[in-house]
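Here's start03.cif, which has mmCIF, C-alpha atoms:
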data_upload
loop_
_atom_site.label_atom_id
_atom_site.label_comp_id
_atom_site.auth_asym_id
_atom_site.auth_seq_id
_atom_site.Cartn_x
_atom_site.Cartn_y
_atom_site.Cartn_z
CA MET A 176 -40.04 -17.83 229.30
CA LYS A 177 -40.52 -15.75 226.19
CA ILE A 178 -37.36 -14.59 224.41
CA GLU A 179 -37.22 -11.96 221.67
CA CYS A 180 -34.09 -12.24 219.54
CA THR A 181 -32.87 -12.23 215.96
CA ILE A 182 -31.56 -15.48 214.51
CA ASP A 183 -30.03 -15.41 211.04
CA GLY A 184 -31.70 -12.09 210.27
CA LYS A 185 -35.19 -13.18 211.36
CA ALA A 186 -36.83 -11.56 214.39
CA LEU A 187 -38.18 -14.38 216.54
CA SER A 188 -40.23 -14.70 219.68
CA LEU A 189 -39.46 -18.03 221.34
CA SER A 190 -41.16 -19.67 224.31
CA VAL A 191 -38.50 -21.83 225.93
CA ASN A 192 -37.19 -22.88 229.32
CA SER A 193 -34.87 -20.10 230.57
CA ASN A 194 -31.97 -22.55 231.03
CA LYS A 195 -32.34 -24.31 227.69
CA PRO A 196 -29.01 -23.97 225.86
CA LEU A 197 -28.85 -22.11 222.58
CA SER A 198 -27.56 -25.19 220.74
CA LEU A 199 -30.79 -27.07 221.55
CA ILE A 200 -32.92 -24.03 220.74
CA LEU A 201 -31.26 -23.82 217.33
CA MET A 202 -31.63 -27.55 216.67
CA GLU A 203 -35.10 -28.18 218.12
CA ASP A 204 -36.96 -24.87 217.94
CA VAL A 205 -35.40 -23.18 214.91
CA GLY A 206 -34.48 -26.26 212.83
CA ASN A 207 -30.86 -25.31 212.22
CA ARG A 208 -28.83 -28.12 210.65
CA THR A 209 -25.30 -26.69 211.00
CA ILE A 210 -24.94 -27.09 214.77
CA ILE A 211 -23.03 -30.33 215.09
CA SER A 212 -22.91 -31.08 218.79
CA HIS A 213 -24.37 -30.42 222.17
CA CYS A 214 -21.55 -31.35 224.55
CA ARG A 215 -22.58 -28.87 227.29
CA GLY A 216 -19.22 -27.48 228.09
CA LYS A 217 -16.24 -26.82 225.91
CA ALA A 218 -15.49 -30.42 224.97
CA CYS A 219 -15.28 -29.80 221.21
CA GLY A 220 -16.22 -26.26 220.21
CA ASN A 221 -18.16 -27.39 217.16
CA CYS A 222 -21.28 -25.43 218.18
CA ILE A 223 -19.90 -21.91 217.71
CA VAL A 224 -22.32 -19.17 216.70
CA LEU A 225 -21.90 -15.42 216.51
CA ILE A 226 -23.83 -13.57 219.20
CA ASN A 227 -23.65 -9.85 218.54
CA ASP A 228 -20.60 -10.61 216.34
CA GLU A 229 -18.70 -12.49 219.08
CA ALA A 230 -17.94 -16.19 218.79
CA GLU A 231 -19.71 -18.12 221.54
CA LEU A 232 -20.19 -21.80 222.39
CA SER A 233 -23.92 -22.30 221.88
CA CYS A 234 -24.01 -25.39 224.10
CA ILE A 235 -23.33 -23.31 227.23
CA ILE A 236 -25.37 -20.17 226.45
CA PRO A 237 -28.71 -20.33 228.32
CA ALA A 238 -31.86 -18.92 226.75
CA PHE A 239 -32.13 -16.05 229.22
CA ARG A 240 -28.89 -14.56 227.79
CA LEU A 241 -30.45 -14.34 224.32
CA ARG A 242 -32.88 -11.50 225.05
CA ASP A 243 -32.52 -8.94 222.22
CA ALA A 244 -29.41 -10.71 220.90
CA ASN A 245 -28.44 -10.91 217.25
CA ILE A 246 -27.45 -14.54 216.60
CA ARG A 247 -25.83 -15.66 213.38
CA THR A 248 -25.18 -19.30 212.53
CA PHE A 249 -22.84 -20.60 209.88
CA GLU A 250 -25.88 -21.45 207.75
CA SER A 251 -26.62 -17.75 207.15
CA TYR A 252 -23.05 -16.49 207.52
CA GLN A 253 -21.79 -18.46 204.52
CA LYS A 254 -24.11 -16.41 202.30
CA THR A 255 -22.37 -13.13 203.20
CA ARG A 256 -19.55 -11.22 201.54
CA GLN A 257 -17.46 -11.49 204.71
CA TYR A 258 -17.40 -15.26 204.32
CA ARG A 259 -15.60 -14.87 200.98
CA ASP A 260 -12.58 -13.24 202.70
CA ILE A 261 -12.08 -16.28 204.91
CA GLU A 262 -12.80 -18.72 202.09
CA ARG A 263 -10.15 -16.96 199.96
CA ALA A 264 -7.68 -17.13 202.86
CA TYR A 265 -8.25 -20.89 203.13
CA LEU A 266 -7.51 -21.22 199.41
CA ALA A 267 -4.46 -18.92 199.58
CA THR A 268 -2.87 -20.97 202.37
CA GLY A 269 -3.92 -24.36 201.02
CA ASN A 270 -5.27 -25.19 204.49
CA THR A 271 -8.89 -25.85 205.32
CA PRO A 272 -10.37 -27.12 208.59
CA CYS A 273 -11.92 -30.58 208.55
CA PRO A 274 -15.67 -30.90 207.85
CA ASN A 275 -16.42 -31.34 211.58
CA CYS A 276 -14.97 -27.98 212.64
CA TYR A 277 -15.07 -25.94 209.41
CA ALA A 278 -18.16 -23.94 210.41
CA SER A 279 -16.97 -23.22 213.94
CA LYS A 280 -13.43 -22.22 213.02
CA THR A 281 -14.76 -19.98 210.24
CA LEU A 282 -17.09 -18.19 212.68
CA ILE A 283 -14.28 -17.76 215.22
CA ILE A 284 -12.12 -16.19 212.51
CA GLU A 285 -15.00 -13.88 211.57
CA SER A 286 -15.36 -12.80 215.20
CA ILE A 287 -11.64 -11.98 215.31
CA LEU A 288 -11.83 -10.07 212.02
CA GLN A 289 -14.82 -8.08 213.30
CA GLU A 290 -12.84 -7.07 216.38
CA LEU A 291 -9.79 -6.11 214.35
CA THR A 292 -11.60 -4.08 211.70
CA ASN A 293 -14.44 -2.43 213.60
CA ASN A 294 -13.18 0.97 214.72
CA THR A 295 -16.20 1.72 216.89
CA ARG A 296 -15.61 -1.14 219.31
CA ILE A 297 -12.85 -1.57 221.86
CA LYS A 298 -10.15 -3.77 220.39
CA THR A 299 -10.35 -6.52 223.02
CA LEU A 300 -11.76 -9.98 223.11
CA GLY A 301 -14.86 -9.73 225.27
CA ARG A 302 -14.57 -13.01 227.09
CA ASN A 303 -10.87 -12.77 228.01
CA ASN A 304 -10.46 -8.99 227.89
CA LEU A 305 -7.16 -9.41 226.06
CA PRO A 306 -6.18 -6.91 223.37
CA LEU A 307 -6.18 -8.20 219.81
CA ARG A 308 -3.59 -5.68 218.78
CA ASN A 309 -0.88 -3.71 220.50
CA GLU A 310 -2.02 -0.08 220.33
CA GLU A 311 1.02 1.34 222.13
CA GLN A 312 3.10 1.18 218.96
CA HIS A 313 2.42 3.32 215.90
CA GLU A 314 2.67 0.25 213.73
CA GLU A 315 -0.34 -1.99 214.23
CA LYS A 316 0.75 -5.38 215.50
CA LEU A 317 -1.62 -8.27 216.14
CA ASP A 318 -1.60 -9.79 219.61
CA LYS A 319 -1.09 -13.39 218.57
CA LYS A 320 -1.52 -14.74 222.09
CA ALA A 321 -5.03 -13.27 222.36
CA ILE A 322 -5.96 -14.47 218.88
CA ILE A 323 -4.69 -17.98 219.61
CA GLN A 324 -6.72 -18.03 222.82
CA GLU A 325 -9.84 -17.11 220.84
CA LEU A 326 -9.07 -19.71 218.15
CA SER A 327 -8.76 -22.38 220.84
CA LEU A 328 -12.52 -22.23 221.47
CA ASN A 329 -12.62 -25.08 218.95
CA THR A 330 -10.54 -28.03 220.15
CA CYS A 331 -10.26 -29.94 216.87
CA GLN A 332 -6.60 -30.64 216.07
CA CYS A 333 -6.99 -30.79 212.28
CA MET A 334 -4.88 -27.62 211.92
CA ASP A 335 -2.13 -26.17 214.06
CA MET A 336 -2.29 -22.64 215.41
CA SER A 337 0.38 -21.30 213.06
CA GLU A 338 -1.80 -22.32 210.10
CA MET A 339 -4.83 -20.70 211.72
CA MET A 340 -2.88 -17.48 212.41
CA GLN A 341 -1.79 -17.37 208.78
CA ILE A 342 -5.43 -17.67 207.69
CA VAL A 343 -6.46 -14.86 210.06
CA GLU A 344 -3.70 -12.59 208.76
CA ILE A 345 -4.54 -13.21 205.10
CA ALA A 346 -8.29 -12.81 205.66
CA LEU A 347 -7.58 -9.58 207.54
CA THR A 348 -5.60 -8.31 204.54
CA TYR A 349 -8.54 -9.08 202.22
CA ARG A 350 -10.97 -7.40 204.61
CA ARG A 351 -8.85 -4.26 204.88
CA ARG A 352 -8.45 -4.02 201.11
CA LYS A 353 -12.24 -4.04 200.75
CA ARG A 354 -12.57 -1.25 203.30
CA VAL A 355 -9.97 0.88 201.53
CA ARG A 356 -11.75 0.45 198.19
CA ARG A 357 -15.10 1.42 199.73
CA ASN A 358 -13.69 4.58 201.33
#
Using structure tokens, write down the structure from this file.
Amino acid sequence: MKIECTIDGKALSLSVNSNKPLSLILMEDVGNRTIISHCRGKACGNCIVLINDEAELSCIIPAFRLRDANIRTFESYQKTRQYRDIERAYLATGNTPCPNCYASKTLIIESILQELTNNTRIKTLGRNNLPLRNEEQHEEKLDKKAIIQELSLNTCQCMDMSEMMQIVEIALTYRRRKRVRRN
């Protein structure tokens, strides 16, 4: 099957088996070196990519779901300004994920930040349909349960969830400051 999609900013036309998982497409057909595993089913979460700005496990995404998708791997993401917000949050907390899960956890955090800061999209996590923030109150309050559920896509235990939440909150502060300065 022929798939038209954008991977790391490059429009591609790929001829692949319709059930071939994205992780193998990235490793074999695109030559990506940042995808660590191909466990085929939520065993580790080290194969996270952003598909249309949502964190997804690439080992379970079949090729037919990639039609017209915008896919971003850590390899290209780390060259963006958004990456600096998360990198600064890691430094501010003194906590950094281990080398095995660094890329995946960083992309999950970016997905959460995109949901929290993008006013044009519904403020829910697509896969679980849980709100990321409580919009009933005037004061914006993050829905920590929903964020923790999203962060648990990666199963590495190198950091606890309270450390990850702290990183999300600090990175969100940096991201919002940038938006205020631009407006």
| task | Apply the PyMOL selection byres ((chain A and resi 191) around 10) to the displayed file and report the matching residues as a ChimeraX atom specification. | result | /A:176-178,188-190,192-196,200,204,238-239
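Shortest separation to A:Pro274 among A:Met334, A:Cys214, A:Ile182, A:Leu201 occurs at residue A:Met334, atoms counted being only C-alpha atoms.
Between atom CA of A:Tyr277 and atom CA of A:Gly184 the separation is 21.7 Å.
Counting all atoms listed in the file, A:Thr268 has the following residues at most 12 Å away, ignoring those fewer than 5 positions along the same chain: Ile261, Glu262, Arg263, Met334, Ser337, Glu338, Met339, Met340, Gln341, Ile342, Val343, Glu344, Ile345 and Ala346 of chain A.
Distance check against A:Ile246 using all atoms listed in the file: of A:Ile322, A:Leu225, A:Ala264, A:Leu328, the minimum falls on A:Leu225.
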From the list A:Gln257, A:Thr281, A:Asn227, A:Ser198, the nearest residue to A:Arg242 using all atoms listed in the file is A:Asn227
Q | Target residues per the PyMOL selection byres ((chain A and resi 282-295) around 9), formatted as a PyMOL selection string | A | chain A and resi 223-225+228-231+248-249+252+257-258+261+277-281+296-300+307-308+317+322+325-326+328-329+339+342-343+346-347+350-351+354
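Atom CA of A:Cys219 is found 5.2 Å from atom CA of A:Thr330.
Around A:Glu250, within 10 Å and counting all atoms listed in the file, the residues found are Asp183, Asn207, Arg208, Thr209, Ile210, Val224 and Ala278 of chain A, once anything fewer than 5 positions away on its own chain is removed.
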Here atom CA of A:Arg259 and atom CA of A:Pro272 stand apart by 15.3 Å
| message | Can you pull out the residues contacting A:Asp243? Cut-off 8 Å, using all atoms listed in the file, and skip same-chain residues under 5 positions away; I want them as a count of residues only. | response | 4
Using only C-alpha atoms, the residue out of A:Met336, A:Ala186, A:Leu197, A:Ile236 with shortest distance to A:Ile323 is A:Met336
